[in-house]
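Structure data (compact mmCIF, C-alpha atoms and all ligand atoms) from entry_34.txt:
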# COMPACT_ATOMS: atom_id res chain seq x y z
CA MET V 1 91.89 108.22 175.64
CA LYS V 2 88.87 106.10 174.66
CA ALA V 3 87.04 107.35 171.58
CA ARG V 4 84.17 106.11 169.43
CA LEU V 5 83.00 108.09 166.42
CA TYR V 6 79.51 107.54 164.99
CA VAL V 7 79.41 108.23 161.26
CA ILE V 8 77.36 107.72 158.13
CA PRO V 9 79.77 106.31 155.52
CA ALA V 10 80.89 109.03 153.06
CA SER V 11 79.20 111.77 155.11
CA HIS V 12 81.42 114.82 154.64
CA PRO V 13 81.32 116.18 158.23
CA SER V 14 81.95 112.62 159.43
CA ILE V 15 85.07 112.44 157.28
CA ALA V 16 86.08 115.88 158.61
CA SER V 17 85.99 114.49 162.16
CA GLN V 18 87.90 111.36 161.19
CA LEU V 19 90.64 113.52 159.67
CA MET V 20 90.83 115.63 162.82
CA LEU V 21 91.10 112.60 165.10
CA GLU V 22 93.90 111.31 162.88
CA HIS V 23 95.60 114.74 162.90
CA LYS V 24 95.58 114.65 166.70
CA GLY V 25 96.85 111.08 166.74
CA ILE V 26 93.86 109.90 168.78
CA PRO V 27 92.99 106.26 168.09
CA TYR V 28 89.25 105.67 167.80
CA LYS V 29 86.66 103.06 166.97
CA ARG V 30 84.09 103.84 164.29
CA THR V 31 80.41 102.94 164.26
CA ASP V 32 78.95 103.08 160.73
CA LEU V 33 75.27 103.95 160.52
CA LEU V 34 72.72 104.00 157.73
CA PRO V 35 71.15 107.39 157.05
CA VAL V 36 67.76 107.91 158.75
CA ILE V 37 68.30 104.84 160.97
CA SER V 38 71.24 106.81 162.39
CA LYS V 39 68.85 109.17 164.15
CA GLY V 40 67.37 106.44 166.39
CA VAL V 41 70.77 104.86 167.08
CA LEU V 42 72.22 108.21 168.17
CA LYS V 43 69.27 108.84 170.48
CA ALA V 44 69.63 105.35 171.95
CA ALA V 45 73.35 105.98 172.47
CA GLY V 46 72.42 109.02 174.57
CA PHE V 47 73.30 111.86 172.19
CA PRO V 48 71.05 114.92 172.40
CA GLY V 49 70.93 115.51 168.62
CA ILE V 50 70.25 113.31 165.60
CA THR V 51 73.15 114.00 163.26
CA VAL V 52 76.57 112.52 162.63
CA PRO V 53 79.41 113.01 163.34
CA ALA V 54 78.88 112.17 167.00
CA LEU V 55 81.78 111.37 169.29
CA LYS V 56 82.02 109.59 172.61
CA ILE V 57 85.33 110.44 174.16
CA ASP V 58 86.37 109.53 177.68
CA GLY V 59 82.70 109.28 178.66
CA ASP V 60 81.71 112.66 177.17
CA LYS V 61 79.41 113.05 174.19
CA VAL V 62 80.10 115.65 171.53
CA GLN V 63 78.09 116.19 168.37
CA GLY V 64 78.77 118.33 165.31
CA SER V 65 82.00 118.61 163.34
CA ARG V 66 82.94 122.05 164.69
CA GLN V 67 82.11 121.11 168.29
CA ILE V 68 84.23 117.96 167.86
CA ALA V 69 87.09 120.12 166.56
CA ARG V 70 86.94 122.29 169.69
CA GLU V 71 86.76 119.31 172.04
CA LEU V 72 89.74 117.64 170.38
CA GLU V 73 91.69 120.89 170.61
CA ARG V 74 90.86 121.10 174.32
CA LEU V 75 91.74 117.48 175.05
CA ARG V 76 94.91 117.35 172.99
CA PRO V 77 96.26 120.81 172.04
CA GLU V 78 99.12 119.47 169.88
CA PRO V 79 99.27 119.48 166.94
CA PRO V 80 96.87 122.43 166.90
CA LEU V 81 93.78 122.76 164.72
CA LEU V 82 93.74 126.55 165.05
CA PRO V 83 96.57 129.07 164.69
CA ALA V 84 97.75 130.83 167.86
CA ASP V 85 97.85 134.26 166.21
CA PRO V 86 94.40 135.86 166.90
CA GLU V 87 94.00 137.36 163.41
CA LYS V 88 94.94 134.14 161.64
CA ARG V 89 92.75 132.18 164.02
CA ALA V 90 89.73 134.40 163.26
CA ALA V 91 90.25 133.88 159.52
CA VAL V 92 90.46 130.09 159.92
CA GLU V 93 87.37 130.10 162.13
CA GLU V 94 85.44 132.06 159.50
CA ALA V 95 86.47 129.61 156.74
CA GLU V 96 85.53 126.74 159.03
CA ARG V 97 82.13 128.31 159.78
CA PHE V 98 81.56 128.81 156.04
CA GLY V 99 82.42 125.17 155.42
CA ASP V 100 79.98 123.98 158.06
CA GLU V 101 77.10 126.43 157.59
CA GLU V 102 77.26 127.35 153.91
CA LEU V 103 79.09 124.71 151.89
CA GLN V 104 78.08 121.40 153.49
CA HIS V 105 74.37 121.57 152.89
CA PRO V 106 74.14 122.48 149.18
CA VAL V 107 76.57 119.63 148.42
CA ARG V 108 74.35 117.31 150.48
CA GLN V 109 71.25 118.49 148.61
CA ILE V 110 72.83 117.96 145.19
CA LEU V 111 73.98 114.46 146.21
CA TRP V 112 70.55 113.35 147.43
CA TRP V 113 68.84 114.85 144.40
CA GLY V 114 71.16 112.65 142.32
CA MET V 115 70.43 109.57 144.45
CA LYS V 116 66.72 110.10 143.88
CA LYS V 117 67.32 109.95 140.12
CA ASP V 118 69.60 106.92 140.32
CA ARG V 119 70.06 104.85 143.47
CA ALA V 120 72.68 102.50 142.02
CA PRO V 121 75.68 104.71 142.99
CA LEU V 122 74.69 104.43 146.67
CA ARG V 123 76.67 101.22 146.86
CA SER V 124 79.93 102.95 145.95
CA TYR V 125 79.43 105.43 148.81
CA SER V 126 79.14 102.58 151.31
CA GLU V 127 82.19 100.63 150.13
CA GLY V 128 84.01 99.14 153.12
CA ALA V 129 81.34 100.25 155.60
CA LYS V 130 80.18 97.94 158.39
CA ILE V 131 76.49 98.69 158.67
CA GLY V 132 75.31 95.36 160.06
CA VAL V 133 73.66 94.14 156.83
CA PRO V 134 75.28 93.28 153.49
CA ILE V 135 75.73 96.47 151.44
CA GLY V 136 73.89 94.92 148.46
CA VAL V 137 70.82 94.26 150.61
CA ALA V 138 70.97 97.73 152.13
CA VAL V 139 71.16 99.34 148.69
CA LYS V 140 68.32 97.22 147.26
CA THR V 141 66.04 98.26 150.09
CA ALA V 142 67.20 101.88 150.23
CA ALA V 143 64.33 103.52 148.30
CA PRO V 144 62.51 104.73 151.45
CA ILE V 145 65.79 105.95 152.95
CA VAL V 146 66.58 107.96 149.82
CA ALA V 147 63.05 109.40 149.75
CA LEU V 148 63.33 110.42 153.41
CA GLN V 149 66.78 111.93 152.89
CA VAL V 150 65.44 114.00 149.98
CA HIS V 151 62.61 115.13 152.24
CA PHE V 152 64.72 115.89 155.35
CA ASN V 153 67.38 117.69 153.34
CA GLU V 154 64.83 119.58 151.23
CA ALA V 155 66.58 118.31 148.13
CA GLY V 156 63.81 118.90 145.60
CA ASP V 157 64.36 120.37 142.12
CA GLU V 158 64.27 124.01 143.14
CA ASN V 159 66.77 123.68 145.99
CA ALA V 160 69.12 121.40 144.04
CA ARG V 161 69.18 123.93 141.23
CA ARG V 162 69.75 126.77 143.69
CA ALA V 163 72.57 124.79 145.31
CA LEU V 164 74.25 124.42 141.92
CA GLU V 165 73.89 128.13 141.24
CA ALA V 166 75.57 128.92 144.56
CA LEU V 167 78.60 126.69 143.94
CA PRO V 168 80.70 128.92 141.60
CA ALA V 169 80.83 131.81 144.11
CA MET V 170 81.68 129.37 146.91
CA LEU V 171 84.51 127.86 144.88
CA ASP V 172 85.88 131.36 144.18
CA LYS V 173 85.80 132.08 147.90
CA ILE V 174 87.69 128.87 148.68
CA ASP V 175 90.30 129.61 146.00
CA ALA V 176 90.79 133.09 147.51
CA TRP V 177 91.30 131.59 150.98
CA ILE V 178 93.85 129.19 149.52
CA GLU V 179 95.59 132.08 147.77
CA SER V 180 95.82 134.04 151.04
CA GLY V 181 97.05 131.01 153.02
CA VAL V 182 93.95 130.60 155.22
CA LEU V 183 93.34 127.21 153.60
CA ASN V 184 95.82 124.63 152.32
CA GLY V 185 98.79 126.15 154.14
CA GLU V 186 101.75 124.18 155.41
CA GLN V 187 100.06 123.39 158.75
CA PRO V 188 96.65 121.77 158.24
CA ASN V 189 93.91 123.52 160.21
CA ALA V 190 90.29 123.01 161.26
CA ALA V 191 89.01 124.83 158.17
CA ASP V 192 91.01 122.56 155.84
CA PHE V 193 89.51 119.54 157.56
CA GLN V 194 86.03 121.05 157.33
CA VAL V 195 86.08 122.32 153.72
CA ALA V 196 88.10 119.59 151.96
CA PRO V 197 85.57 116.77 152.60
CA SER V 198 82.71 118.83 151.13
CA LEU V 199 84.81 119.41 148.03
CA GLY V 200 85.80 115.73 148.00
CA LEU V 201 82.16 114.69 148.14
CA ALA V 202 81.23 117.15 145.39
CA MET V 203 84.03 115.70 143.24
CA THR V 204 82.54 112.21 143.50
CA LEU V 205 79.83 113.50 141.16
CA ASP V 206 80.95 113.25 137.54
CA ASP V 207 78.78 116.31 136.87
CA LEU V 208 80.70 118.50 139.34
CA ARG V 209 84.27 117.20 139.26
CA PRO V 210 85.35 119.02 136.04
CA ALA V 211 84.44 122.38 137.58
CA ILE V 212 86.57 121.72 140.69
CA GLU V 213 89.48 119.43 139.95
CA ASN V 214 91.71 121.85 138.06
CA ARG V 215 91.48 124.77 140.43
CA PRO V 216 93.06 125.36 143.87
CA ALA V 217 89.92 123.99 145.58
CA GLY V 218 90.50 120.72 143.74
CA GLU V 219 94.08 120.58 144.99
CA LEU V 220 92.87 121.09 148.57
CA ALA V 221 90.47 118.16 148.20
CA ARG V 222 93.15 115.92 146.66
CA ARG V 223 95.54 116.68 149.50
CA PHE V 224 93.13 115.89 152.34
CA VAL V 225 90.73 113.35 150.82
CA PRO V 226 92.53 111.72 147.89
CA ASN V 227 90.29 108.65 148.03
CA TYR V 228 86.87 110.01 148.87
CA PRO V 229 84.43 107.08 148.69
CA GLY V 230 81.70 107.13 146.07
CA LYS V 231 81.10 107.84 142.43
CA MET V 232 78.00 109.20 140.77
CA PRO V 233 77.78 109.15 136.96
CA PRO V 234 76.27 112.19 135.21
CA VAL V 235 72.72 112.73 136.40
CA LEU V 236 72.06 116.47 136.62
CA PRO V 237 70.26 118.35 133.83
CA ALA V 238 72.76 120.16 131.54
CA GLU V 239 70.77 123.35 131.90
CA TRP V 240 71.26 123.35 135.69
CA LEU V 241 74.99 122.85 135.27
CA ALA V 242 75.41 125.87 133.00
CA PRO V 243 76.46 128.32 135.78
CA LEU V 244 79.12 125.85 136.90
CA ARG V 245 80.41 125.23 133.38
CA ARG V 246 80.79 129.01 132.87
CA SER V 247 82.78 129.45 136.10
N1 LIG L 301 76.73 120.82 160.20
C1 LIG L 301 76.63 119.58 160.93
C2 LIG L 301 75.83 118.67 160.02
C3 LIG L 301 75.57 117.32 160.49
C4 LIG L 301 74.65 116.58 159.52
O1 LIG L 301 73.65 117.12 159.04
N2 LIG L 301 74.98 115.32 159.24
C5 LIG L 301 74.18 114.52 158.36
C6 LIG L 301 75.05 113.58 157.52
S1 LIG L 301 76.11 114.48 156.43
C7 LIG L 301 73.23 113.65 159.16
O2 LIG L 301 73.55 113.16 160.22
N3 LIG L 301 72.02 113.46 158.64
C8 LIG L 301 71.04 112.60 159.24
C9 LIG L 301 70.67 111.50 158.34
O3 LIG L 301 71.30 111.40 157.26
O4 LIG L 301 69.78 110.73 158.65
C10 LIG L 301 78.03 119.05 161.25
O5 LIG L 301 79.00 119.50 160.62
O6 LIG L 301 78.17 118.22 162.15
Would you encode the structure as structure tokens?
Amino acid sequence: MKARLYVIPASHPSIASQLMLEHKGIPYKRTDLLPVISKGVLKAAGFPGITVPALKIDGDKVQGSRQIARELERLRPEPPLLPADPEKRAAVEEAERFGDEELQHPVRQILWWGMKKDRAPLRSYSEGAKIGVPIGVAVKTAAPIVALQVHFNEAGDENARRALEALPAMLDKIDAWIESGVLNGEQPNAADFQVAPSLGLAMTLDDLRPAIENRPAGELARRFVPNYPGKMPPVLPAEWLAPLRRS
């Protein structure tokens, strides 16, 4: 099987896809892309959409972390990403959908809001990446990229604050799924691979880590992404963090 995965370094759905390829034991090559510039590269590579993760596998092109999960399951059923039992499978698919559609984006918005305040941490998120230019140069010239990311992801004050307000209920939901065995069970599943990287990315923010690390959601992240790249020192207003501190 010939596979190439297009990623943005430290992108949470990209890491989800990397974990799933590893789970399936499928060797792959990785192309690291800079945000924003990624869109043109993906188009040039023949993908229909403009987001990572994007996978070329045996000549086929698949985009989106959940679509990649399904394609990997089809191409190599063992070890499975989804339980065989229909009820268990439905529960895992719902947790996976939540991870993709509800959890990913607020974490992304909070991150880019932080980058707008302080660009210096960007370097730590690109550690080890091969983006074609020295990381230091990329980071020094990243102001327009950060501004565009804030714009594309609608990561202004109001949405960043709203994203923070939504986090406690999402963490409770994840803990409940862990408690009931949908997440973090003995056999890793597609929802674990989807949700853990979002938690791992959130925990790279010093502002968010204390609210996650000592609860089941934190354990899930430590199990699947113990070395998530990146570190952002405190940057968020204390007032915005109040709902999280109370949770
Ligand atoms: N829900 C999609 C989200 C994909 C997505 O939005 N990826 C971001 C990176 S985390 C992206 O490619 N953004 C374009 C950019 O940063 O320029 C998935 O799971 O594949």
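Here CA of Ile26 in chain V stands at a distance of 28.3 Å from CA of Val133 in chain V.
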Subject >> Contact residues around range 38-48 of chain V with all atoms listed in the file at 9 Å, ignoring same-chain residues under 5 positions, as a PyMOL selection string >> reply: chain V and resi 6-8+32-33+54-55+61-63
If you count all atoms listed in the file, which residues end up within 7 Å of ligand LIG 301 (chain L), as a compact mmCIF listing (two decimals) with C-alpha atoms, keeping the file's coordinate frame?
# COMPACT_ATOMS: atom_id res chain seq x y z
CA ILE V 8 77.36 107.72 158.13
CA SER V 11 79.20 111.77 155.11
CA HIS V 12 81.42 114.82 154.64
CA PRO V 13 81.32 116.18 158.23
CA SER V 14 81.95 112.62 159.43
CA PRO V 35 71.15 107.39 157.05
CA VAL V 36 67.76 107.91 158.75
CA ILE V 37 68.30 104.84 160.97
CA SER V 38 71.24 106.81 162.39
CA LYS V 39 68.85 109.17 164.15
CA ILE V 50 70.25 113.31 165.60
CA THR V 51 73.15 114.00 163.26
CA VAL V 52 76.57 112.52 162.63
CA PRO V 53 79.41 113.01 163.34
CA GLN V 63 78.09 116.19 168.37
CA GLY V 64 78.77 118.33 165.31
CA SER V 65 82.00 118.61 163.34
CA ARG V 66 82.94 122.05 164.69
CA ASP V 100 79.98 123.98 158.06
CA GLU V 101 77.10 126.43 157.59
CA GLN V 104 78.08 121.40 153.49
CA ARG V 108 74.35 117.31 150.48
CA GLN V 149 66.78 111.93 152.89
Original post:
Between V:Pro234, V:Pro197, V:Gly59, V:Pro134, which is the closest to Pro210 in chain V once you count all atoms listed in the file?
Top reply: V:Pro234
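One finds CA of Leu183 in chain V at 11.5 Å from CA of Leu82 in chain V.
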Original post:
What is the CA of Arg4 in chain V to CA of Asp58 in chain V distance in Å?
Top reply: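 CA of Asp58 in chain V lies at a distance of 9.2 Å from CA of Arg4 in chain V.
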**OP:** Considering only C-alpha atoms, state which residue in the set V:Gly132, V:Pro216, V:Gly156, V:Pro168 is at the smallest distance from Ser180 in chain V.
**Re:** V:Pro216
Subject >> Surrounding residues of range 135-142 of chain V excluding itself and chain neighbours under 4 positions, 8 Å, all atoms listed in the file, as a PyMOL selection string >> reply: chain V and resi 119-120+122-123+126-127+129+131+146
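Omitting Ala10 in chain V and its sequence neighbours fewer than 3 positions away, and counting all atoms listed in the file, the residues within 7 Å are V:Ile15, V:Tyr125, V:Ser126, V:Pro229.
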Original post:
Of the residues V:Gln194, V:Asn227, V:Thr204, V:Gln109, which is the one nearest to Ser17 in chain V, using all atoms listed in the file?
Top reply: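 Counting all atoms listed in the file, the residue closest to Ser17 in chain V is V:Gln194.
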**OP:** For each of V:Ala217, V:Leu241, V:Met232, V:Ile212, take the minimum atom-to-atom distance to Ala196 in chain V, counting all atoms listed in the file, then give the residue where this is smallest.
**Re:**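 Closest to Ala196 in chain V, using all atoms listed in the file: V:Ala217.
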**OP:** Please identify all polymer residues within 7 Å of Val107 in chain V, counting all atoms listed in the file, omitting same-chain residues fewer than 3 positions from it, and present them as a ChimeraX atom specification.
**Re:** /V:103-104,110-111,198,202
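Using all atoms listed in the file, the shortest contact distance between Lys231 in chain V and any of V:Leu167, V:Ala90, V:Leu75, V:Met115 is found at V:Met115.
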Original post:
Which of these residues is nearest to Leu72 in chain V, using only C-alpha atoms: V:Gln187, V:Ser247, V:Asn153, V:Gln18?
Top reply: V:Gln18
Your completed range 117-145 of chain V with N, CA and C atoms, as a short mmCIF file (atom, residue, chain, number, x, y, z; two decimals), in the coordinates of the input:
data_model
loop_
_atom_site.label_atom_id
_atom_site.label_comp_id
_atom_site.auth_asym_id
_atom_site.auth_seq_id
_atom_site.Cartn_x
_atom_site.Cartn_y
_atom_site.Cartn_z
N LYS V 117 67.38 110.28 141.55
CA LYS V 117 67.32 109.95 140.12
C LYS V 117 67.86 108.55 139.85
N ASP V 118 68.95 108.21 140.57
CA ASP V 118 69.60 106.92 140.32
C ASP V 118 70.22 106.42 141.62
N ARG V 119 69.62 105.37 142.17
CA ARG V 119 70.06 104.85 143.47
C ARG V 119 71.29 103.95 143.38
N ALA V 120 71.60 103.49 142.17
CA ALA V 120 72.68 102.50 142.02
C ALA V 120 74.02 102.99 142.62
N PRO V 121 74.38 104.27 142.45
CA PRO V 121 75.68 104.71 142.99
C PRO V 121 75.79 104.62 144.51
N LEU V 122 74.67 104.49 145.20
CA LEU V 122 74.69 104.43 146.67
C LEU V 122 75.70 103.39 147.17
N ARG V 123 75.77 102.30 146.47
CA ARG V 123 76.67 101.22 146.86
C ARG V 123 78.12 101.71 146.95
N SER V 124 78.53 102.51 145.97
CA SER V 124 79.93 102.95 145.95
C SER V 124 80.24 103.86 147.15
N TYR V 125 79.22 104.55 147.66
CA TYR V 125 79.43 105.43 148.81
C TYR V 125 79.54 104.64 150.11
N SER V 126 79.12 103.38 150.07
CA SER V 126 79.14 102.58 151.31
C SER V 126 80.25 101.54 151.29
N GLU V 127 81.10 101.61 150.27
CA GLU V 127 82.19 100.63 150.13
C GLU V 127 83.00 100.54 151.42
N GLY V 128 83.17 99.33 151.93
CA GLY V 128 84.01 99.14 153.12
C GLY V 128 83.31 99.44 154.43
N ALA V 129 82.05 99.90 154.36
CA ALA V 129 81.34 100.25 155.60
C ALA V 129 80.82 98.99 156.28
N LYS V 130 80.71 99.08 157.62
CA LYS V 130 80.18 97.94 158.39
C LYS V 130 78.85 98.38 158.98
N ILE V 131 77.78 98.15 158.22
CA ILE V 131 76.49 98.69 158.67
C ILE V 131 75.56 97.61 159.23
N GLY V 132 76.09 96.40 159.40
CA GLY V 132 75.31 95.36 160.06
C GLY V 132 74.50 94.50 159.10
N VAL V 133 74.31 94.97 157.86
CA VAL V 133 73.66 94.14 156.83
C VAL V 133 74.53 94.23 155.58
N PRO V 134 74.47 93.19 154.71
CA PRO V 134 75.28 93.28 153.49
C PRO V 134 74.91 94.54 152.68
N ILE V 135 75.95 95.19 152.14
CA ILE V 135 75.73 96.47 151.44
C ILE V 135 74.70 96.29 150.31
N GLY V 136 74.80 95.15 149.58
CA GLY V 136 73.89 94.92 148.46
C GLY V 136 72.44 94.93 148.93
N VAL V 137 72.19 94.31 150.07
CA VAL V 137 70.82 94.26 150.61
C VAL V 137 70.39 95.68 151.01
N ALA V 138 71.29 96.37 151.68
CA ALA V 138 70.97 97.73 152.13
C ALA V 138 70.61 98.61 150.93
N VAL V 139 71.39 98.48 149.86
CA VAL V 139 71.16 99.34 148.69
C VAL V 139 69.83 98.97 148.01
N LYS V 140 69.56 97.66 147.92
CA LYS V 140 68.32 97.22 147.26
C LYS V 140 67.07 97.71 147.99
N THR V 141 67.22 97.87 149.30
CA THR V 141 66.04 98.26 150.09
C THR V 141 66.09 99.75 150.49
N ALA V 142 66.94 100.50 149.77
CA ALA V 142 67.20 101.88 150.23
C ALA V 142 66.20 102.92 149.71
N ALA V 143 65.24 102.51 148.88
CA ALA V 143 64.33 103.52 148.30
C ALA V 143 63.67 104.42 149.36
N PRO V 144 63.14 103.84 150.45
CA PRO V 144 62.51 104.73 151.45
C PRO V 144 63.53 105.64 152.13
N ILE V 145 64.75 105.13 152.31
CA ILE V 145 65.79 105.95 152.95
C ILE V 145 66.12 107.15 152.04
#
